[in-house]
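Undergrad: File name input-v7.cif; file contents mmCIF, C-alpha atoms; full text below.
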```
data_target
loop_
_atom_site.label_atom_id
_atom_site.label_comp_id
_atom_site.auth_asym_id
_atom_site.auth_seq_id
_atom_site.Cartn_x
_atom_site.Cartn_y
_atom_site.Cartn_z
CA MET A 610 0.00 0.00 0.00
CA SER A 611 2.73 2.49 0.97
CA VAL A 612 4.67 1.75 -2.25
CA PHE A 613 1.57 2.43 -4.37
CA ILE A 614 0.87 5.71 -2.58
CA ALA A 615 4.51 6.80 -2.94
CA LEU A 616 4.55 6.04 -6.69
CA ALA A 617 1.20 7.78 -7.22
CA ALA A 618 2.40 10.85 -5.31
CA LEU A 619 5.66 10.95 -7.29
CA LEU A 620 3.86 10.73 -10.64
CA THR A 621 1.42 13.46 -9.56
CA LEU A 622 4.30 15.74 -8.58
CA LEU A 623 6.10 15.13 -11.87
CA VAL A 624 2.98 15.93 -13.90
CA THR A 625 2.32 19.03 -11.81
CA ALA A 626 5.89 20.23 -12.28
CA TRP A 627 5.67 19.64 -16.03
CA VAL A 628 2.43 21.67 -16.24
CA VAL A 629 3.48 24.65 -14.12
CA ARG A 630 7.09 24.95 -15.28
CA PRO A 631 6.30 27.17 -18.30
CA LEU A 632 4.21 29.43 -16.05
CA LEU A 633 7.10 29.98 -13.63
CA ARG A 634 9.62 31.04 -16.25
CA SER A 635 10.73 34.65 -15.71
CA HIS A 636 9.32 37.01 -18.31
CA THR A 637 11.49 39.80 -16.90
CA ARG A 638 14.60 37.92 -17.93
CA GLN A 639 13.38 37.84 -21.50
CA GLY A 640 12.79 41.64 -21.43
CA VAL A 641 16.30 42.33 -20.12
CA SER A 642 17.79 40.21 -22.88
CA SER A 643 15.88 42.19 -25.49
CA GLN A 644 17.11 45.49 -24.04
CA ARG A 645 20.70 44.35 -24.14
CA LEU A 646 20.31 43.18 -27.71
CA ASN A 647 18.84 46.53 -28.82
CA ALA A 648 21.54 48.47 -26.97
CA ALA A 649 24.27 46.44 -28.67
CA ILE A 650 22.78 47.07 -32.11
CA TYR A 651 22.50 50.83 -31.57
CA ARG A 652 26.00 50.95 -30.09
CA GLU A 653 27.38 49.43 -33.27
CA GLN A 654 25.44 51.94 -35.35
CA LEU A 655 26.83 54.84 -33.30
CA GLU A 656 30.36 53.51 -33.65
CA ALA A 657 29.89 53.26 -37.42
CA LEU A 658 28.50 56.80 -37.46
CA ASP A 659 31.57 58.10 -35.61
CA LYS A 660 33.86 56.34 -38.09
CA ASP A 661 32.03 57.95 -41.01
CA LEU A 662 32.55 61.37 -39.41
CA ALA A 663 36.25 60.65 -38.84
CA HIS A 664 36.71 59.66 -42.47
CA GLY A 665 34.79 62.68 -43.72
CA ALA A 666 31.97 60.61 -45.14
CA ILE A 667 29.34 62.81 -43.45
CA SER A 668 29.24 66.36 -42.18
CA PRO A 669 29.29 67.21 -38.49
CA ALA A 670 25.72 68.48 -38.72
CA ASP A 671 24.46 65.24 -40.29
CA HIS A 672 26.45 63.30 -37.72
CA GLU A 673 24.86 65.19 -34.84
CA ALA A 674 21.34 64.83 -36.23
CA THR A 675 21.71 61.13 -36.94
CA ARG A 676 23.26 60.51 -33.52
CA ASP A 677 20.32 62.25 -31.78
CA GLU A 678 17.85 60.17 -33.79
CA LEU A 679 19.60 56.90 -32.88
CA GLN A 680 19.65 57.78 -29.20
CA LEU A 681 15.93 58.59 -29.21
CA ARG A 682 15.13 55.24 -30.92
CA LEU A 683 17.31 53.45 -28.39
CA LEU A 684 15.38 55.00 -25.50
CA ASP A 685 12.04 54.04 -27.06
CA ASP A 686 13.02 50.40 -27.79
CA THR A 687 14.53 49.76 -24.37
CA ALA A 688 11.54 51.30 -22.55
CA GLU A 689 8.85 49.04 -24.15
CA PRO A 690 9.77 45.67 -22.50
CA GLN A 691 9.97 47.34 -19.08
CA ALA A 692 6.47 48.70 -19.52
CA ALA A 693 5.16 45.29 -20.47
CA VAL A 694 6.80 43.68 -17.47
CA SER A 695 5.55 46.28 -15.03
CA ALA A 696 2.01 46.01 -16.40
CA SER A 697 1.72 42.20 -16.07
CA PRO A 698 1.19 42.00 -12.25
CA ALA A 699 -1.97 44.01 -12.60
CA SER A 700 -3.79 40.89 -13.89
CA LEU A 701 -5.60 38.80 -11.23
CA TRP A 702 -4.56 35.48 -12.78
CA SER A 703 -0.88 36.10 -13.27
CA PRO A 704 1.32 33.16 -14.38
CA ARG A 705 2.64 32.68 -10.86
CA ARG A 706 -0.82 32.67 -9.30
CA THR A 707 -2.04 30.24 -11.93
CA ALA A 708 0.93 27.97 -11.21
CA GLY A 709 0.20 28.12 -7.47
CA ALA A 710 -3.43 27.18 -8.04
CA LEU A 711 -2.42 24.22 -10.23
CA ILE A 712 0.09 23.01 -7.64
CA VAL A 713 -2.73 22.82 -5.08
CA LEU A 714 -5.57 21.64 -7.31
CA LEU A 715 -3.88 18.92 -9.42
CA PRO A 716 -2.98 16.60 -6.47
CA LEU A 717 -6.41 17.18 -4.90
CA LEU A 718 -8.20 16.41 -8.17
CA SER A 719 -6.08 13.29 -8.71
CA ALA A 720 -6.87 11.96 -5.24
CA ALA A 721 -10.58 12.77 -5.60
CA THR A 722 -10.75 11.09 -9.01
CA TYR A 723 -9.14 7.89 -7.72
CA TRP A 724 -11.41 7.89 -4.68
CA ALA A 725 -14.48 8.21 -6.92
CA LEU A 726 -13.50 5.91 -9.80
CA GLY A 727 -10.78 3.66 -8.37
CA ASN A 728 -10.79 1.00 -5.66
CA PRO A 729 -9.36 2.48 -2.45
CA ALA A 730 -10.22 -0.69 -0.52
CA ALA A 731 -7.64 -2.56 -2.60
CA LEU A 732 -4.91 -0.55 -0.88
CA ASP A 733 -5.63 -2.48 2.32
CA PRO A 734 -4.64 -6.14 1.72
CA VAL A 735 -6.48 -7.37 4.82
CA LYS A 736 -9.68 -5.61 3.81
CA ALA A 737 -9.29 -6.75 0.20
CA GLN A 738 -8.87 -10.36 1.30
CA THR A 739 -11.96 -10.09 3.49
CA VAL A 740 -13.97 -8.67 0.58
CA ASN A 741 -12.78 -11.45 -1.76
CA GLN A 742 -13.64 -14.11 0.81
CA GLN A 743 -17.11 -12.66 1.20
CA LYS A 744 -17.61 -12.73 -2.57
CA VAL A 745 -16.51 -16.38 -2.74
CA GLU A 746 -18.85 -17.34 0.08
CA GLU A 747 -21.73 -15.56 -1.65
CA MET A 748 -20.99 -17.38 -4.92
CA VAL A 749 -20.82 -20.76 -3.15
CA LYS A 750 -24.05 -20.03 -1.32
CA ALA A 751 -25.76 -19.11 -4.59
CA LEU A 752 -24.50 -22.33 -6.24
CA ALA A 753 -25.78 -24.42 -3.34
CA ALA A 754 -29.20 -22.75 -3.65
CA ARG A 755 -29.36 -23.52 -7.39
CA LEU A 756 -28.42 -27.15 -6.77
CA GLN A 757 -31.17 -27.51 -4.19
CA ALA A 758 -33.59 -26.45 -6.91
CA ASN A 759 -31.90 -28.70 -9.49
CA PRO A 760 -30.33 -31.66 -7.64
CA GLU A 761 -29.74 -33.63 -10.87
CA ASN A 762 -26.90 -31.29 -11.89
CA ARG A 763 -24.01 -33.69 -11.14
CA GLU A 764 -21.31 -31.36 -12.47
CA GLY A 765 -22.66 -28.62 -10.23
CA TRP A 766 -22.39 -30.87 -7.15
CA ALA A 767 -18.79 -31.70 -8.05
CA MET A 768 -17.99 -27.99 -8.36
CA LEU A 769 -19.69 -27.29 -5.05
CA ALA A 770 -17.76 -30.14 -3.42
CA ARG A 771 -14.44 -28.70 -4.54
CA SER A 772 -15.46 -25.27 -3.28
CA TYR A 773 -16.39 -26.66 0.12
CA SER A 774 -13.08 -28.54 0.23
CA VAL A 775 -11.07 -25.38 -0.41
CA MET A 776 -13.04 -23.58 2.30
CA GLY A 777 -12.32 -26.40 4.77
CA ARG A 778 -15.98 -27.43 5.08
CA LEU A 779 -15.17 -31.12 4.89
CA GLU A 780 -18.54 -32.58 5.91
CA GLU A 781 -20.38 -30.53 3.30
CA ALA A 782 -17.69 -31.34 0.73
CA ALA A 783 -18.06 -35.11 1.29
CA ASP A 784 -21.83 -34.84 1.03
CA ALA A 785 -21.57 -32.88 -2.23
CA PHE A 786 -19.10 -35.43 -3.68
CA ASN A 787 -21.55 -38.22 -2.89
CA LYS A 788 -24.35 -36.32 -4.62
CA ALA A 789 -22.12 -35.83 -7.69
CA GLY A 790 -22.51 -39.56 -8.30
CA ASP A 791 -21.07 -41.11 -11.44
CA VAL A 792 -19.65 -37.84 -12.76
CA ILE A 793 -16.50 -38.34 -10.65
CA ASN A 794 -15.89 -41.98 -11.53
CA GLN A 795 -14.00 -41.22 -14.76
CA ASN A 796 -12.26 -38.07 -13.52
CA PRO A 797 -8.98 -38.73 -11.65
CA ASP A 798 -8.86 -35.14 -10.38
CA LEU A 799 -12.26 -35.44 -8.73
CA LEU A 800 -11.44 -38.90 -7.39
CA THR A 801 -8.27 -37.67 -5.69
CA ASP A 802 -10.05 -34.59 -4.34
CA PHE A 803 -12.76 -36.81 -2.86
CA ALA A 804 -10.12 -39.13 -1.38
CA GLU A 805 -8.32 -36.16 0.21
CA VAL A 806 -11.54 -34.91 1.81
CA LEU A 807 -12.30 -38.36 3.26
CA ALA A 808 -8.71 -38.75 4.50
CA GLN A 809 -8.81 -35.36 6.25
CA ARG A 810 -12.03 -36.35 7.96
CA ALA A 811 -10.29 -39.56 9.15
CA ASP A 812 -7.32 -37.75 10.73
CA ASN A 813 -5.32 -37.98 7.46
CA ARG A 814 -5.52 -41.78 7.33
CA MET A 815 -5.64 -43.14 3.78
CA ALA A 816 -6.82 -46.67 4.55
CA GLY A 817 -10.26 -47.76 3.37
CA ARG A 818 -12.45 -45.66 1.11
CA PRO A 819 -9.79 -42.96 0.39
CA MET A 820 -7.36 -45.57 -0.95
CA GLN A 821 -10.07 -47.17 -3.06
CA LEU A 822 -10.66 -43.84 -4.76
CA ILE A 823 -6.90 -43.41 -5.29
CA GLU A 824 -6.61 -46.83 -6.90
CA GLN A 825 -9.53 -45.95 -9.14
CA ALA A 826 -7.79 -42.71 -10.17
CA LEU A 827 -4.50 -44.53 -10.92
CA ALA A 828 -6.35 -47.04 -13.04
CA ILE A 829 -7.45 -44.14 -15.24
CA ASP A 830 -4.15 -42.21 -15.11
CA PRO A 831 -1.19 -44.23 -13.76
CA LEU A 832 0.97 -41.10 -13.53
CA HIS A 833 -1.53 -38.80 -11.86
CA PRO A 834 0.65 -36.69 -9.49
CA SER A 835 -1.78 -36.33 -6.58
CA ALA A 836 -2.82 -39.97 -6.75
CA LEU A 837 0.82 -41.13 -6.74
CA MET A 838 1.64 -38.91 -3.80
CA MET A 839 -1.31 -40.16 -1.72
CA SER A 840 -0.68 -43.75 -2.73
CA GLY A 841 2.84 -43.42 -1.36
CA VAL A 842 1.46 -41.89 1.85
CA GLU A 843 -0.90 -44.83 2.30
CA ALA A 844 1.96 -47.31 1.83
CA TYR A 845 4.15 -45.38 4.29
CA GLN A 846 1.33 -45.41 6.86
CA ARG A 847 1.24 -49.22 6.51
CA SER A 848 5.02 -49.29 7.07
CA ASP A 849 5.48 -50.45 3.47
CA PHE A 850 8.42 -48.11 3.03
CA ALA A 851 9.70 -49.73 -0.16
CA GLY A 852 6.24 -49.44 -1.71
CA ALA A 853 6.02 -45.77 -0.67
CA ALA A 854 9.43 -45.06 -2.23
CA GLU A 855 8.35 -46.80 -5.43
CA GLN A 856 5.22 -44.68 -5.78
CA TRP A 857 7.09 -41.46 -5.03
CA GLU A 858 9.77 -42.34 -7.57
CA LYS A 859 7.04 -42.53 -10.19
CA LEU A 860 5.81 -39.15 -8.99
CA LEU A 861 9.32 -37.72 -9.35
CA THR A 862 9.32 -38.52 -13.08
CA VAL A 863 6.37 -36.20 -13.74
CA LEU A 864 7.57 -33.28 -11.59
CA GLU A 865 9.66 -30.42 -12.89
CA PRO A 866 13.33 -31.11 -12.07
CA GLY A 867 14.68 -28.76 -9.43
CA SER A 868 11.24 -27.55 -8.34
CA ALA A 869 10.22 -27.34 -4.70
CA ASP A 870 7.84 -30.32 -5.16
CA ALA A 871 10.60 -32.38 -6.73
CA GLU A 872 12.99 -31.61 -3.85
CA THR A 873 10.35 -32.49 -1.25
CA THR A 874 9.50 -35.74 -3.05
CA GLN A 875 13.18 -36.70 -3.25
CA ALA A 876 13.54 -36.10 0.48
CA ASN A 877 10.52 -38.34 1.10
CA ILE A 878 12.02 -41.04 -1.10
CA ASP A 879 15.31 -40.91 0.79
CA GLU A 880 13.47 -41.13 4.10
CA ALA A 881 11.39 -44.09 2.90
CA ARG A 882 14.51 -45.92 1.63
CA THR A 883 16.23 -45.36 4.96
CA GLN A 884 13.21 -46.69 6.82
CA ALA A 885 13.09 -49.72 4.52
CA LYS A 886 16.75 -50.56 5.26
CA ASN A 887 16.25 -50.19 8.99
CA ALA A 888 13.06 -52.21 9.12
CA VAL A 889 13.31 -55.48 11.07
CA PRO A 890 12.31 -58.40 8.83
CA ALA A 891 9.37 -60.49 10.02
CA ARG A 892 10.42 -63.71 11.78
CA VAL A 893 9.47 -66.82 9.81
CA GLN A 894 7.75 -69.47 11.90
CA PRO A 895 9.20 -73.00 11.53
#
```
What is this file in structure tokens?
TA:
Amino acid sequence: MSVFIALAALLTLLVTAWVVRPLLRSHTRQGVSSQRLNAAIYREQLEALDKDLAHGAISPADHEATRDELQLRLLDDTAEPQAAVSASPASLWSPRRTAGALIVLLPLLSAATYWALGNPAALDPVKAQTVNQQKVEEMVKALAARLQANPENREGWAMLARSYSVMGRLEEAADAFNKAGDVINQNPDLLTDFAEVLAQRADNRMAGRPMQLIEQALAIDPLHPSALMMSGVEAYQRSDFAGAAEQWEKLLTVLEPGSADAETTQANIDEARTQAKNAVPARVQP
């Protein structure tokens, strides 16, 4: 949130500076430059006039008359910019006042526009998460209501079951999976999701119905990642460490090398192999 506000403030300041910069340029400086330029031109003309007199090109009378005329023109030209500069502050909306108003109004207008058209609540991650959760709950509630009116929508029950599972509502998720009926029987993703819900309800034990669903999923897709992972867990829970390692080695072949999942799976395989070596073999009765 603070980063967003800082960036927005910086951009607003840059735009404001770009807009008001031309208004803050000194017009007086431009007038002074013009006066100096005019004075330099007339100085050169006077110097040329003096040279003409020295060389006898003009008479002293013509020299005096021309010199007086040049001096009068110089006074007129250098007085005009000063008059323009001195007259400008008389206006109510001078460039500096306009720039000051823009400096105040532009940030205020930017903030007001975002407040009216943007999403200020998104700046608060906690509040945004709460709003998103409320929207999800409303959507799930609406789906459940539609399914009560149309209970034959098997795909809808499967979708509702997954939603309940994500929300941690395991009892409702299991009930929705059961109502989905045959729609999950040929879908390994739904089978493994159903198995996970049942296992969580049974204190994460995979024996029984959860493992039956996993075997059904592997029959459809022998390299299904979630099914292989849970199959290995079930074997490990039975102390079949070699069988767990075997299933997880299959899982490793479908994971991206070097990924976090691959590293975790390799660690599980190493642990299972160590347990298999340390296991005491069953004593054979004579």
Undergrad: Which one is closest to Asp798 of chain A: A:Met748, A:Ala871, A:Leu832, A:Ala826? Count only C-alpha atoms.
TA: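 Among the listed residues, the smallest separation from Asp798 of chain A belongs to A:Ala826.
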Undergrad: Selected by the PyMOL selection byres ((chain A and resi 752) around 12) in the shown coordinates: which residues, as a list in words?
TA: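 Checked against the file, the PyMOL selection byres ((chain A and resi 752) around 12) matches Val745, Glu746, Glu747, Met748, Val749, Lys750, Ala751, Ala753, Ala754, Arg755, Leu756, Gln757, Ala758, Asn759, Pro760, Asn762, Glu764, Gly765, Trp766, Ala767, Met768, Leu769, Ala770, Ser772, Tyr773 and Ala785 of chain A.
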Undergrad: Any chance you could work out the residue set of the PyMOL selection byres ((chain A and resi 655) around 12) here, as a list in words?
TA: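 Checking the PyMOL selection byres ((chain A and resi 655) around 12) against this file, the residues are Ala648, Ala649, Ile650, Tyr651, Arg652, Glu653, Gln654, Glu656, Ala657, Leu658, Asp659, Lys660, Asp661, Leu662, His672, Glu673, Ala674, Thr675, Arg676, Asp677, Glu678, Leu679, Gln680, Arg682 and Leu683 of chain A.
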Undergrad: Could you state the separation of atom CA of Asp791 of chain A and atom CA of Leu837 of chain A in Å, given to one decimal place?
TA: 22.4 Å
Undergrad: Work out how far atom CA of Glu858 of chain A is from atom CA of Thr873 of chain A, in Å to one decimal.
TA: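 It comes out at 11.7 Å.
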Undergrad: Show me, as a ChimeraX atom specification, the residues that have an atom within 10 Å of Ala783 of chain A when counting only C-alpha atoms, minus same-chain residues fewer than 6 positions from it.
TA: /A:767,770-771,773-774,789,802-807,810
Undergrad: Just write the chosen residues, C-alpha atoms, as a PDB file, keeping the file's coordinate frame.
TA:
```
ATOM      1  CA  ALA A 767     -18.790 -31.700  -8.050  1.00  0.00           C
ATOM      2  CA  ALA A 770     -17.760 -30.140  -3.420  1.00  0.00           C
ATOM      3  CA  ARG A 771     -14.440 -28.700  -4.540  1.00  0.00           C
ATOM      4  CA  TYR A 773     -16.390 -26.660   0.120  1.00  0.00           C
ATOM      5  CA  SER A 774     -13.080 -28.540   0.230  1.00  0.00           C
ATOM      6  CA  ALA A 789     -22.120 -35.830  -7.690  1.00  0.00           C
ATOM      7  CA  ASP A 802     -10.050 -34.590  -4.340  1.00  0.00           C
ATOM      8  CA  PHE A 803     -12.760 -36.810  -2.860  1.00  0.00           C
ATOM      9  CA  ALA A 804     -10.120 -39.130  -1.380  1.00  0.00           C
ATOM     10  CA  GLU A 805      -8.320 -36.160   0.210  1.00  0.00           C
ATOM     11  CA  VAL A 806     -11.540 -34.910   1.810  1.00  0.00           C
ATOM     12  CA  LEU A 807     -12.300 -38.360   3.260  1.00  0.00           C
ATOM     13  CA  ARG A 810     -12.030 -36.350   7.960  1.00  0.00           C
TER      14      ARG A 810
END
```
Undergrad: Tell me, in Å to one decimal, how far atom CA of Phe850 of chain A is from atom CA of Ala885 of chain A.
TA: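 Between atom CA of Phe850 of chain A and atom CA of Ala885 of chain A the gap is 5.2 Å.
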Undergrad: Taking the file as shown, what set of residues would the PyMOL selection byres ((chain A and resi 857) around 10) give back, as a list in words?
TA: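 Going through the file, the PyMOL selection byres ((chain A and resi 857) around 10) ends up selecting Pro834, Leu837, Met838, Met839, Ser840, Gly841, Val842, Ala851, Gly852, Ala853, Ala854, Glu855, Gln856, Glu858, Lys859, Leu860, Leu861, Thr862, Ala871, Thr874, Gln875, Asn877, Ile878 and Ala881 of chain A.
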Undergrad: Got a sec: who's within 10 Å of Gln795 of chain A, counting only C-alpha atoms, leaving out chain neighbours fewer than 6 positions off, as a count of residues only?
TA: 5
Undergrad: Rank A:Gly665, A:Gly709, A:Pro831, A:Gly867 by their smallest atom-to-atom distance to Pro797 of chain A, using all atoms listed in the file, and report the top residue only.
TA: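 Comparing A:Gly665, A:Gly709, A:Pro831, A:Gly867 against Pro797 of chain A, the winner is A:Pro831.
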Undergrad: Go through A:Met776, A:Ala618, A:Met820, A:Arg763 and flag the residue nearest Ile793 of chain A, using all atoms listed in the file for the distances.
TA: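 Distance minimum relative to Ile793 of chain A lands on A:Arg763.
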Undergrad: Considering all atoms listed in the file, can you say which of A:Asp671, A:Glu780, A:Glu843, A:Asp849 comes closest to Met815 of chain A?
TA: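 Ranked by minimum distance to Met815 of chain A, first place goes to A:Glu843.
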